[in-house]
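entry-v3.pdb follows (PDB, C-alpha atoms):
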```
MODEL        1
ATOM      1  CA  MET A  95      19.340 -22.718  86.235
ATOM      2  CA  LEU A  96      15.693 -22.562  85.082
ATOM      3  CA  ILE A  97      14.873 -19.943  87.757
ATOM      4  CA  GLN A  98      17.905 -17.873  86.703
ATOM      5  CA  ASN A  99      16.750 -17.953  83.045
ATOM      6  CA  ILE A 100      13.220 -16.904  84.035
ATOM      7  CA  ASN A 101      14.590 -14.068  86.173
ATOM      8  CA  SER A 102      16.796 -12.931  83.290
ATOM      9  CA  GLN A 103      13.824 -12.952  80.919
ATOM     10  CA  LEU A 104      11.741 -10.943  83.396
ATOM     11  CA  LEU A 105      14.509  -8.384  83.743
ATOM     12  CA  ILE A 106      14.853  -8.100  79.962
ATOM     13  CA  SER A 107      11.089  -7.649  79.504
ATOM     14  CA  ARG A 108      11.046  -4.955  82.225
ATOM     15  CA  VAL A 109      13.865  -3.141  80.443
ATOM     16  CA  MET A 110      11.976  -3.377  77.147
ATOM     17  CA  VAL A 111       8.873  -1.821  78.686
ATOM     18  CA  ILE A 112      10.887   1.008  80.203
ATOM     19  CA  MET A 113      12.560   1.712  76.859
ATOM     20  CA  GLU A 114       9.286   2.099  74.925
ATOM     21  CA  THR A 115       9.211   5.515  73.298
ATOM     22  CA  PRO A 116       6.142   7.648  72.561
ATOM     23  CA  CYS A 117       6.697   6.991  68.856
ATOM     24  CA  GLN A 118       6.547   3.243  69.440
ATOM     25  CA  LYS A 119       3.272   3.701  71.303
ATOM     26  CA  ALA A 120       1.919   5.726  68.387
ATOM     27  CA  VAL A 121       3.018   3.121  65.838
ATOM     28  CA  TRP A 122       1.601   0.176  67.765
ATOM     29  CA  ASP A 123      -1.608   1.733  69.101
ATOM     30  CA  LEU A 124      -2.520   5.082  67.606
ATOM     31  CA  VAL A 125      -1.736   4.638  63.907
ATOM     32  CA  PRO A 126      -3.632   1.313  63.673
ATOM     33  CA  ALA A 127      -6.570   2.977  65.448
ATOM     34  CA  ILE A 128      -6.486   5.834  62.942
ATOM     35  CA  ARG A 129      -6.396   3.333  60.071
ATOM     36  CA  ALA A 130      -9.317   1.397  61.593
ATOM     37  CA  SER A 131     -11.334   4.587  62.083
ATOM     38  CA  LEU A 132     -10.640   5.637  58.498
ATOM     39  CA  ALA A 133     -11.743   2.245  57.164
ATOM     40  CA  ILE A 134     -14.933   2.354  59.222
ATOM     41  CA  GLU A 135     -15.617   5.957  58.165
ATOM     42  CA  LEU A 136     -15.148   5.077  54.481
ATOM     43  CA  VAL A 137     -17.593   2.183  54.745
ATOM     44  CA  ASN A 138     -20.048   4.366  56.702
ATOM     45  CA  LYS A 139     -19.824   6.907  53.857
ATOM     46  CA  GLY A 140     -21.000   4.229  51.414
ATOM     47  CA  GLN A 141     -17.728   2.787  50.120
ATOM     48  CA  SER A 142     -17.478  -0.978  49.814
ATOM     49  CA  GLN A 143     -14.906  -2.774  51.930
ATOM     50  CA  ALA A 144     -12.928  -3.541  48.763
ATOM     51  CA  THR A 145     -12.941   0.105  47.664
ATOM     52  CA  SER A 146     -12.053   1.259  51.175
ATOM     53  CA  ALA A 147      -9.125  -1.156  51.180
ATOM     54  CA  LYS A 148      -7.867   0.225  47.861
ATOM     55  CA  LEU A 149      -8.168   3.816  49.082
ATOM     56  CA  LEU A 150      -6.149   2.971  52.208
ATOM     57  CA  GLY A 151      -3.671   0.651  50.500
ATOM     58  CA  ILE A 152      -4.559  -2.277  52.756
ATOM     59  CA  ALA A 153      -6.049  -5.731  52.258
ATOM     60  CA  PRO A 154      -9.853  -6.073  52.095
ATOM     61  CA  SER A 155      -9.604  -8.594  54.927
ATOM     62  CA  ALA A 156      -8.097  -5.865  57.123
ATOM     63  CA  VAL A 157     -11.112  -3.618  56.486
ATOM     64  CA  SER A 158     -13.417  -6.521  57.309
ATOM     65  CA  GLN A 159     -11.561  -7.134  60.558
ATOM     66  CA  TYR A 160     -11.685  -3.414  61.436
ATOM     67  CA  MET A 161     -15.440  -3.443  60.862
ATOM     68  CA  THR A 162     -15.981  -6.444  63.133
ATOM     69  CA  GLY A 163     -13.568  -5.222  65.803
ATOM     70  CA  LYS A 164     -11.213  -8.161  65.362
ATOM     71  CA  ARG A 165      -8.375  -5.878  64.367
ATOM     72  CA  GLY A 166      -7.264  -2.384  65.220
ATOM     73  CA  TYR A 167      -6.829  -0.939  68.654
ATOM     74  CA  ARG A 168     -10.072   0.805  69.530
ATOM     75  CA  ILE A 169      -9.606   4.437  70.427
ATOM     76  CA  GLU A 170     -12.584   6.749  70.373
ATOM     77  CA  PHE A 171     -11.404   9.880  68.632
ATOM     78  CA  LYS A 172     -13.065  13.126  69.650
ATOM     79  CA  ASP A 173     -13.232  16.741  68.603
ATOM     80  CA  LEU A 174     -10.687  17.836  66.003
ATOM     81  CA  ALA A 175      -9.056  14.387  65.608
ATOM     82  CA  LYS A 176     -12.460  12.903  64.723
ATOM     83  CA  GLU A 177     -13.156  15.756  62.298
ATOM     84  CA  LEU A 178      -9.738  15.246  60.652
ATOM     85  CA  ILE A 179     -10.477  11.526  60.178
ATOM     86  CA  GLU A 180     -13.897  12.295  58.690
ATOM     87  CA  LYS A 181     -12.392  14.931  56.369
ATOM     88  CA  LEU A 182      -9.577  12.619  55.253
ATOM     89  CA  ALA A 183     -12.093   9.861  54.502
ATOM     90  CA  GLN A 184     -14.161  12.232  52.366
ATOM     91  CA  ASP A 185     -11.060  13.572  50.634
ATOM     92  CA  LEU A 186      -9.980   9.998  49.841
ATOM     93  CA  ILE A 187     -13.382   9.356  48.283
ATOM     94  CA  ASP A 188     -13.157  12.614  46.301
ATOM     95  CA  ASN A 189      -9.521  11.910  45.293
ATOM     96  CA  LYS A 190      -8.350  15.151  46.943
ATOM     97  CA  VAL A 191      -5.435  13.816  49.025
ATOM     98  CA  ASP A 192      -2.015  15.091  48.005
ATOM     99  CA  ASP A 193       0.035  13.725  50.931
ATOM    100  CA  PHE A 194      -1.617  10.854  52.792
ATOM    101  CA  VAL A 195       1.301  10.454  55.215
ATOM    102  CA  ALA A 196       1.188  14.129  56.219
ATOM    103  CA  ARG A 197      -2.558  13.855  56.850
ATOM    104  CA  ILE A 198      -2.087  10.779  59.041
ATOM    105  CA  CYS A 199       0.691  12.638  60.875
ATOM    106  CA  GLU A 200      -1.647  15.580  61.449
ATOM    107  CA  ILE A 201      -4.298  13.291  62.953
ATOM    108  CA  CYS A 202      -1.720  11.499  65.112
ATOM    109  CA  VAL A 203      -0.239  14.756  66.393
ATOM    110  CA  ASN A 204      -3.688  16.120  67.174
ATOM    111  CA  ALA A 205      -4.810  12.940  68.937
ATOM    112  CA  ARG A 206      -1.645  12.938  71.043
ATOM    113  CA  GLY A 207      -2.165  16.586  71.945
ATOM    114  CA  ILE A 208       1.320  17.673  70.945
ATOM    115  CA  GLU A 209       2.600  20.448  68.762
ATOM    116  CA  SER A 210       4.509  19.519  65.669
ATOM    117  CA  ASN A 211       6.212  21.323  62.849
ATOM    118  CA  CYS A 212       6.000  18.364  60.462
ATOM    119  CA  LYS A 213       6.887  19.587  56.998
ATOM    120  CA  SER A 214       8.025  16.470  55.209
ATOM    121  CA  SER A 215       5.969  13.472  54.207
ATOM    122  CA  PHE A 216       7.764  11.617  57.004
ATOM    123  CA  GLY A 217       6.928  14.277  59.572
ATOM    124  CA  LEU A 218      10.538  14.674  60.677
ATOM    125  CA  GLU A 219      12.959  17.529  60.577
ATOM    126  CA  ASP A 220      16.557  17.882  61.587
ATOM    127  CA  SER A 221      17.947  20.732  63.667
ATOM    128  CA  ASP A 222      18.587  22.913  60.585
ATOM    129  CA  ASN A 223      14.863  22.874  59.660
ATOM    130  CA  GLU A 224      15.562  20.817  56.535
ATOM    131  CA  ALA A 225      13.536  17.728  55.860
ATOM    132  CA  VAL A 226      15.175  14.457  56.837
ATOM    133  CA  GLU A 227      15.399  12.015  53.952
ATOM    134  CA  PHE A 228      15.559   8.235  54.232
ATOM    135  CA  GLU A 229      17.148   5.798  51.823
ATOM    136  CA  LYS A 230      14.605   3.650  50.029
TER     137      LYS A 230
ENDMDL
END
```
Take the structure in the file and give it back as structure tokens.
Amino acid sequence: MLIQNINSQLLISRVMVIMETPCQKAVWDLVPAIRASLAIELVNKGQSQATSAKLLGIAPSAVSQYMTGKRGYRIEFKDLAKELIEKLAQDLIDNKVDDFVARICEICVNARGIESNCKSSFGLEDSDNEAVEFEK
């Protein structure tokens, strides 16, 4: 009975891995890495950890953990993705960000090397080219 339960659990975990979508990968790995890079960039640009946390809407402890490498999946962003992160950090400092979600989406899309026609703050569109809205 114990062996059967273990085998069932292994089968379920294999199915879960197979069913992982690219969006799940982005949410679990890429978006936290973008957030970590933004926090680090803000601090490197002279912002305190507390100010950086406020600009990003996260806890100061999260910024501290990003800085020490205890939190945030480490991805080394290059080329345009790195430039977009640096620009967003500066725009946050200068209070020039109109749509934070769209900017994060732009970085994510660039880092993943895909084309996107994101036009809503959620980055989703339906087949009629109208923005998809979610209930709040």
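Going from atom CA of A:Ala153 to atom CA of A:Leu186 covers 16.4 Å.
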**OP:** Just give me the gap between atom CA of A:Val157 and atom CA of A:Asp192 in Å, one decimal is fine.
**Re:** 22.5 Å
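Among the candidates A:Ile128, A:Ile179, A:Ile134, A:Val195, the residue lying nearest to A:Thr162 is A:Ile134 (atoms considered: only C-alpha atoms).
Once the PyMOL selection byres ((chain A and resi 144) around 9) is applied to this file, the selection holds Gln141, Ser142, Gln143, Thr145, Ser146, Ala147, Lys148, Leu149, Ala153, Pro154, Ser155 and Val157 of chain A.
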Original post:
Taking all atoms listed in the file into account, which of A:Ala196, A:Leu174, A:Ala205, A:Ile169 comes nearest A:Ala127?
Top reply: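 Ranking A:Ala196, A:Leu174, A:Ala205, A:Ile169 by distance to A:Ala127, first place goes to A:Ile169.
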**OP:** Give as a VMD selection string the residues that the PyMOL selection byres ((chain A and resi 165) around 12) matches when applied to the coordinates above.
**Re:** chain A and resid 123 126 to 131 133 to 134 155 to 164 166 to 168
**OP:** Have a look at atom CA of A:Gly140 and atom CA of A:Glu200 and let me know their distance in Å, one decimal.
**Re:**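 Separation of atom CA of A:Gly140 and atom CA of A:Glu200: 24.6 Å.
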Original post:
Given the choices A:Leu124, A:Asn189, A:Gln184, A:Gln118, which gets closest to A:Glu170 if the distance is worked out from only C-alpha atoms?
Top reply: A:Leu124
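Compared by their closest atoms to A:Phe194, and using only C-alpha atoms, the residues A:Lys176, A:Val137, A:Gly207, A:Leu132 rank with A:Leu132 nearest.
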